[in-house]
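Student: Take this structure, written in structure tokens, and hold onto it; I'll ask about it next.
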Amino acid sequence: MMLTFTLYFFIAIVVIQLFYYLVVFGKFSFTRAQEIEAKNIPISVIVCAKNEEENVIKYIPILAEQNYPDFEIVLIDDASRDNTLDIFEEFEKTYPNVKLVKVKNNEAFWGNKKYALTLGIKAAKKEYLLFTDADCYPTSKDWITAMSSQFTKQRTIVLGYGGYEKIANSFLNKIIRYETLLTAIQYFSWAKIGKPYMGVGRNLAYKKEEFFNVNGFIDHIQVRSGDDDLFINQASDSDNTTIAYSPESFTYSAPKTTFKDWFTQKRRHVATAKYYKTFDKIQLGLFFSSQLLFLLLPIALLAFQFQWILVLSLIGSRYLITWIVTGFAAGKLKEKDVMYWYPIIEIILIFTQINIFITNIFSKPANWK
């Protein structure tokens with residue numbers, strides 16, 4: 001009786017997983033390649049940096065060389081203790097379209113990136129804002145064109161893809177890039193369905209009025225992280241949000257090179273999810289729970305060889321379908337090589353996620369530098 005119940009439960013879990021991959025994720029995976037139609041609307045590119053001297057000296061010139069007719073670069077120095085401010089001041093002298101915002105430590109908002117970003121947004125002269133991080137760089141000189149091309153009169157929030165560089169012969173690098181790919185599939189797909197819930201600050205654009213419509217970050221200012229995903233979770237809806245996924249729209253950054261550093265980074269990201277809207281927390285929780293149960297339930301069934309042919313058929317069908325759906329998305333986002341290690345990476349990520357949840361219960365993750 002118990003094994004029969006377990007089998008039915010397992011079938012239900014497989015159905016839930018197939019619903020996510022075929023119905024939800026398929027919305028992005030099987031969509032057509034995206035066309036770029038230049039609109040040349042005025043853009044303010046906003047970069048907030050704190051102690052990032054090595055990165056800004058490499059990446060800000062790449063931003064300044066963008067092939068776009070009307071843009072400014074707003075550089076925000078968030079009370080850096082290294083030479084970031086000095087480098088920004090040199091950039092301001094070198095490039096006529098660079099605007100510098102100097103942020104001093106504020107006792108009420110000490111170390112809060114959202115406070116620094118707010119000052120930068122207010123200083124921006126253009127109505128359309130394009131965000132990236134200080135350790136990121138665009139893949140082409142047409143990045144601004146590709147991201148801004150997705151704006152319409154109604155669609156005033158654009159979610160982009162922020163990937164990580166490939167490191168040869170590094171399995172950790174494949175794990176990091178697969179996790180980034182899966183996250184992008186999720187937020188791109190839900191945005192296409194009309195239920196956007198997050199974006200990444202490495203590549204994100206919105207009209208300035210969207211910021212002021214929700215009073216900026218005020219509703220979650222006490223949360224140190226979440227200037228990207230918590231803002232999008234609050235400000236986006238089915239009418240005002242779209243996605244950019246052409247290769248020209250991508251940004252990249254250097255990934256973590258040790259499991260400890262990556263684990264710490266993911267702890268910070270996961271900690272913000274508890275502030276999401278109820279529906280978003282439920283759908284994310286259901287997806288992860290169904291992933292975990294898909295691994296655990298067959299163990300009991302196969303241990304007793306209960307309907308083992310059916311169980312193995314369900315396992316094989318699920319893996320084949322998820323591999324195809326994820327593979328199509330990986331092709332769009334130029335991450336095909338990580339699929340060679342699926343489902344091993346998926347299994348590792350599931351148990352890493354459990355570890356993150358447990359660790360976050362007992363200690364708070366570190367935040368802005």
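Ligands are numbered from 1 in the order shown, residues from 1 within each chain, and chains are lettered A, B, ... in the order they appear in the structure tokens.
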Among stretch 31-240 of chain A, which ones does DSSP place in strand (DSSP E or B), written as number ranges by chain?

Tutor: A: 43-49, 71-78, 98-103, 128-133, 136-138, 157-159, 162-164, 204-207

Student: If we count only C-alpha atoms and set the cut-off at 6 Å, which residues sit around stretch 266-270 of chain A, ignoring sequence neighbours fewer than 2 positions away in its own chain? Please answer as a ChimeraX atom specification.

Tutor: /A:263-264,272-273,356,365

Student: I'd like the interatomic distance between atom CA of A:Leu100 and atom CA of A:Asn83, to a tenth of an Å.

Tutor: 14.3 Å

Student: Quick one: residues within 8 Å of A:Ser253, only C-alpha atoms, excluding same-chain residues fewer than 4 positions away - as a list in words?

Tutor: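 Listed by chain and then number, they are Asp135, Cys136, Tyr137, Gly162, Gly163, Tyr164 and Glu165 of chain A.
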
Student: One decimal, Å: what's the distance from atom CA of A:Ile46 over to atom CA of A:Thr183, could you say?

Tutor: 23.2 Å

Student: Set the distance at 7 Å and use only C-alpha atoms: which residues neighbour A:Val338 once local chain neighbours fewer than 2 positions away are removed? I'd like the list as a PyMOL selection string.

Tutor: chain A and resi 174+178+335-336+340-341

Student: Those residues with all heavy atoms, as a PDB file, in the first residue's frame please?

Tutor:
ATOM      1  N   LYS A 174      31.584  24.987 -14.721  1.00  0.00           N
ATOM      2  CA  LYS A 174      30.406  24.447 -15.406  1.00  0.00           C
ATOM      3  C   LYS A 174      29.181  24.468 -14.490  1.00  0.00           C
ATOM      4  O   LYS A 174      28.057  24.742 -14.926  1.00  0.00           O
ATOM      5  CB  LYS A 174      30.688  23.036 -15.915  1.00  0.00           C
ATOM      6  CG  LYS A 174      31.660  22.989 -17.084  1.00  0.00           C
ATOM      7  CD  LYS A 174      31.919  21.575 -17.531  1.00  0.00           C
ATOM      8  CE  LYS A 174      32.748  21.541 -18.821  1.00  0.00           C
ATOM      9  NZ  LYS A 174      34.047  22.204 -18.680  1.00  0.00           N
ATOM     10  N   TYR A 178      25.921  26.575 -15.380  1.00  0.00           N
ATOM     11  CA  TYR A 178      24.640  25.872 -15.508  1.00  0.00           C
ATOM     12  C   TYR A 178      23.597  26.503 -14.577  1.00  0.00           C
ATOM     13  O   TYR A 178      22.441  26.694 -14.967  1.00  0.00           O
ATOM     14  CB  TYR A 178      24.779  24.387 -15.187  1.00  0.00           C
ATOM     15  CG  TYR A 178      23.449  23.667 -15.263  1.00  0.00           C
ATOM     16  CD1 TYR A 178      22.957  23.188 -16.475  1.00  0.00           C
ATOM     17  CD2 TYR A 178      22.666  23.497 -14.124  1.00  0.00           C
ATOM     18  CE1 TYR A 178      21.737  22.556 -16.552  1.00  0.00           C
ATOM     19  CE2 TYR A 178      21.438  22.869 -14.189  1.00  0.00           C
ATOM     20  CZ  TYR A 178      20.972  22.408 -15.407  1.00  0.00           C
ATOM     21  OH  TYR A 178      19.743  21.799 -15.477  1.00  0.00           O
ATOM     22  N   GLU A 335      25.539  28.593 -24.010  1.00  0.00           N
ATOM     23  CA  GLU A 335      26.063  27.807 -22.888  1.00  0.00           C
ATOM     24  C   GLU A 335      25.931  26.305 -23.151  1.00  0.00           C
ATOM     25  O   GLU A 335      25.783  25.518 -22.220  1.00  0.00           O
ATOM     26  CB  GLU A 335      25.298  28.168 -21.601  1.00  0.00           C
ATOM     27  CG  GLU A 335      25.305  29.625 -21.213  1.00  0.00           C
ATOM     28  CD  GLU A 335      26.638  30.102 -20.650  1.00  0.00           C
ATOM     29  OE1 GLU A 335      27.610  29.310 -20.666  1.00  0.00           O
ATOM     30  OE2 GLU A 335      26.714  31.257 -20.196  1.00  0.00           O
ATOM     31  N   LYS A 336      25.999  25.890 -24.401  1.00  0.00           N
ATOM     32  CA  LYS A 336      25.740  24.495 -24.759  1.00  0.00           C
ATOM     33  C   LYS A 336      26.667  23.508 -24.070  1.00  0.00           C
ATOM     34  O   LYS A 336      26.281  22.381 -23.751  1.00  0.00           O
ATOM     35  CB  LYS A 336      25.846  24.316 -26.278  1.00  0.00           C
ATOM     36  CG  LYS A 336      24.578  24.630 -27.033  1.00  0.00           C
ATOM     37  CD  LYS A 336      24.736  24.240 -28.499  1.00  0.00           C
ATOM     38  CE  LYS A 336      23.427  24.417 -29.249  1.00  0.00           C
ATOM     39  NZ  LYS A 336      23.554  24.026 -30.675  1.00  0.00           N
ATOM     40  N   TYR A 340      26.672  18.877 -21.472  1.00  0.00           N
ATOM     41  CA  TYR A 340      27.331  17.581 -21.529  1.00  0.00           C
ATOM     42  C   TYR A 340      27.388  16.910 -20.155  1.00  0.00           C
ATOM     43  O   TYR A 340      27.520  15.692 -20.046  1.00  0.00           O
ATOM     44  CB  TYR A 340      28.746  17.727 -22.088  1.00  0.00           C
ATOM     45  CG  TYR A 340      28.801  18.236 -23.512  1.00  0.00           C
ATOM     46  CD1 TYR A 340      29.610  19.302 -23.861  1.00  0.00           C
ATOM     47  CD2 TYR A 340      28.026  17.645 -24.508  1.00  0.00           C
ATOM     48  CE1 TYR A 340      29.661  19.778 -25.170  1.00  0.00           C
ATOM     49  CE2 TYR A 340      28.068  18.108 -25.816  1.00  0.00           C
ATOM     50  CZ  TYR A 340      28.887  19.176 -26.138  1.00  0.00           C
ATOM     51  OH  TYR A 340      28.929  19.632 -27.437  1.00  0.00           O
ATOM     52  N   TRP A 341      27.306  17.732 -19.092  1.00  0.00           N
ATOM     53  CA  TRP A 341      27.416  17.221 -17.733  1.00  0.00           C
ATOM     54  C   TRP A 341      26.067  17.124 -17.027  1.00  0.00           C
ATOM     55  O   TRP A 341      25.999  16.853 -15.840  1.00  0.00           O
ATOM     56  CB  TRP A 341      28.375  18.101 -16.919  1.00  0.00           C
ATOM     57  CG  TRP A 341      29.774  17.996 -17.395  1.00  0.00           C
ATOM     58  CD1 TRP A 341      30.400  18.770 -18.328  1.00  0.00           C
ATOM     59  CD2 TRP A 341      30.734  17.022 -16.989  1.00  0.00           C
ATOM     60  NE1 TRP A 341      31.686  18.357 -18.521  1.00  0.00           N
ATOM     61  CE2 TRP A 341      31.934  17.279 -17.710  1.00  0.00           C
ATOM     62  CE3 TRP A 341      30.717  15.961 -16.080  1.00  0.00           C
ATOM     63  CZ2 TRP A 341      33.076  16.522 -17.543  1.00  0.00           C
ATOM     64  CZ3 TRP A 341      31.863  15.201 -15.921  1.00  0.00           C
ATOM     65  CH2 TRP A 341      33.018  15.486 -16.644  1.00  0.00           C
TER      66      TRP A 341
END

Student: Quick one: of A:Tyr95, A:Phe151, A:Phe131, A:Phe259, who's nearest to A:Asn203, counting only C-alpha atoms?

Tutor: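 Checking each candidate against A:Asn203, we get A:Phe131 as the closest.
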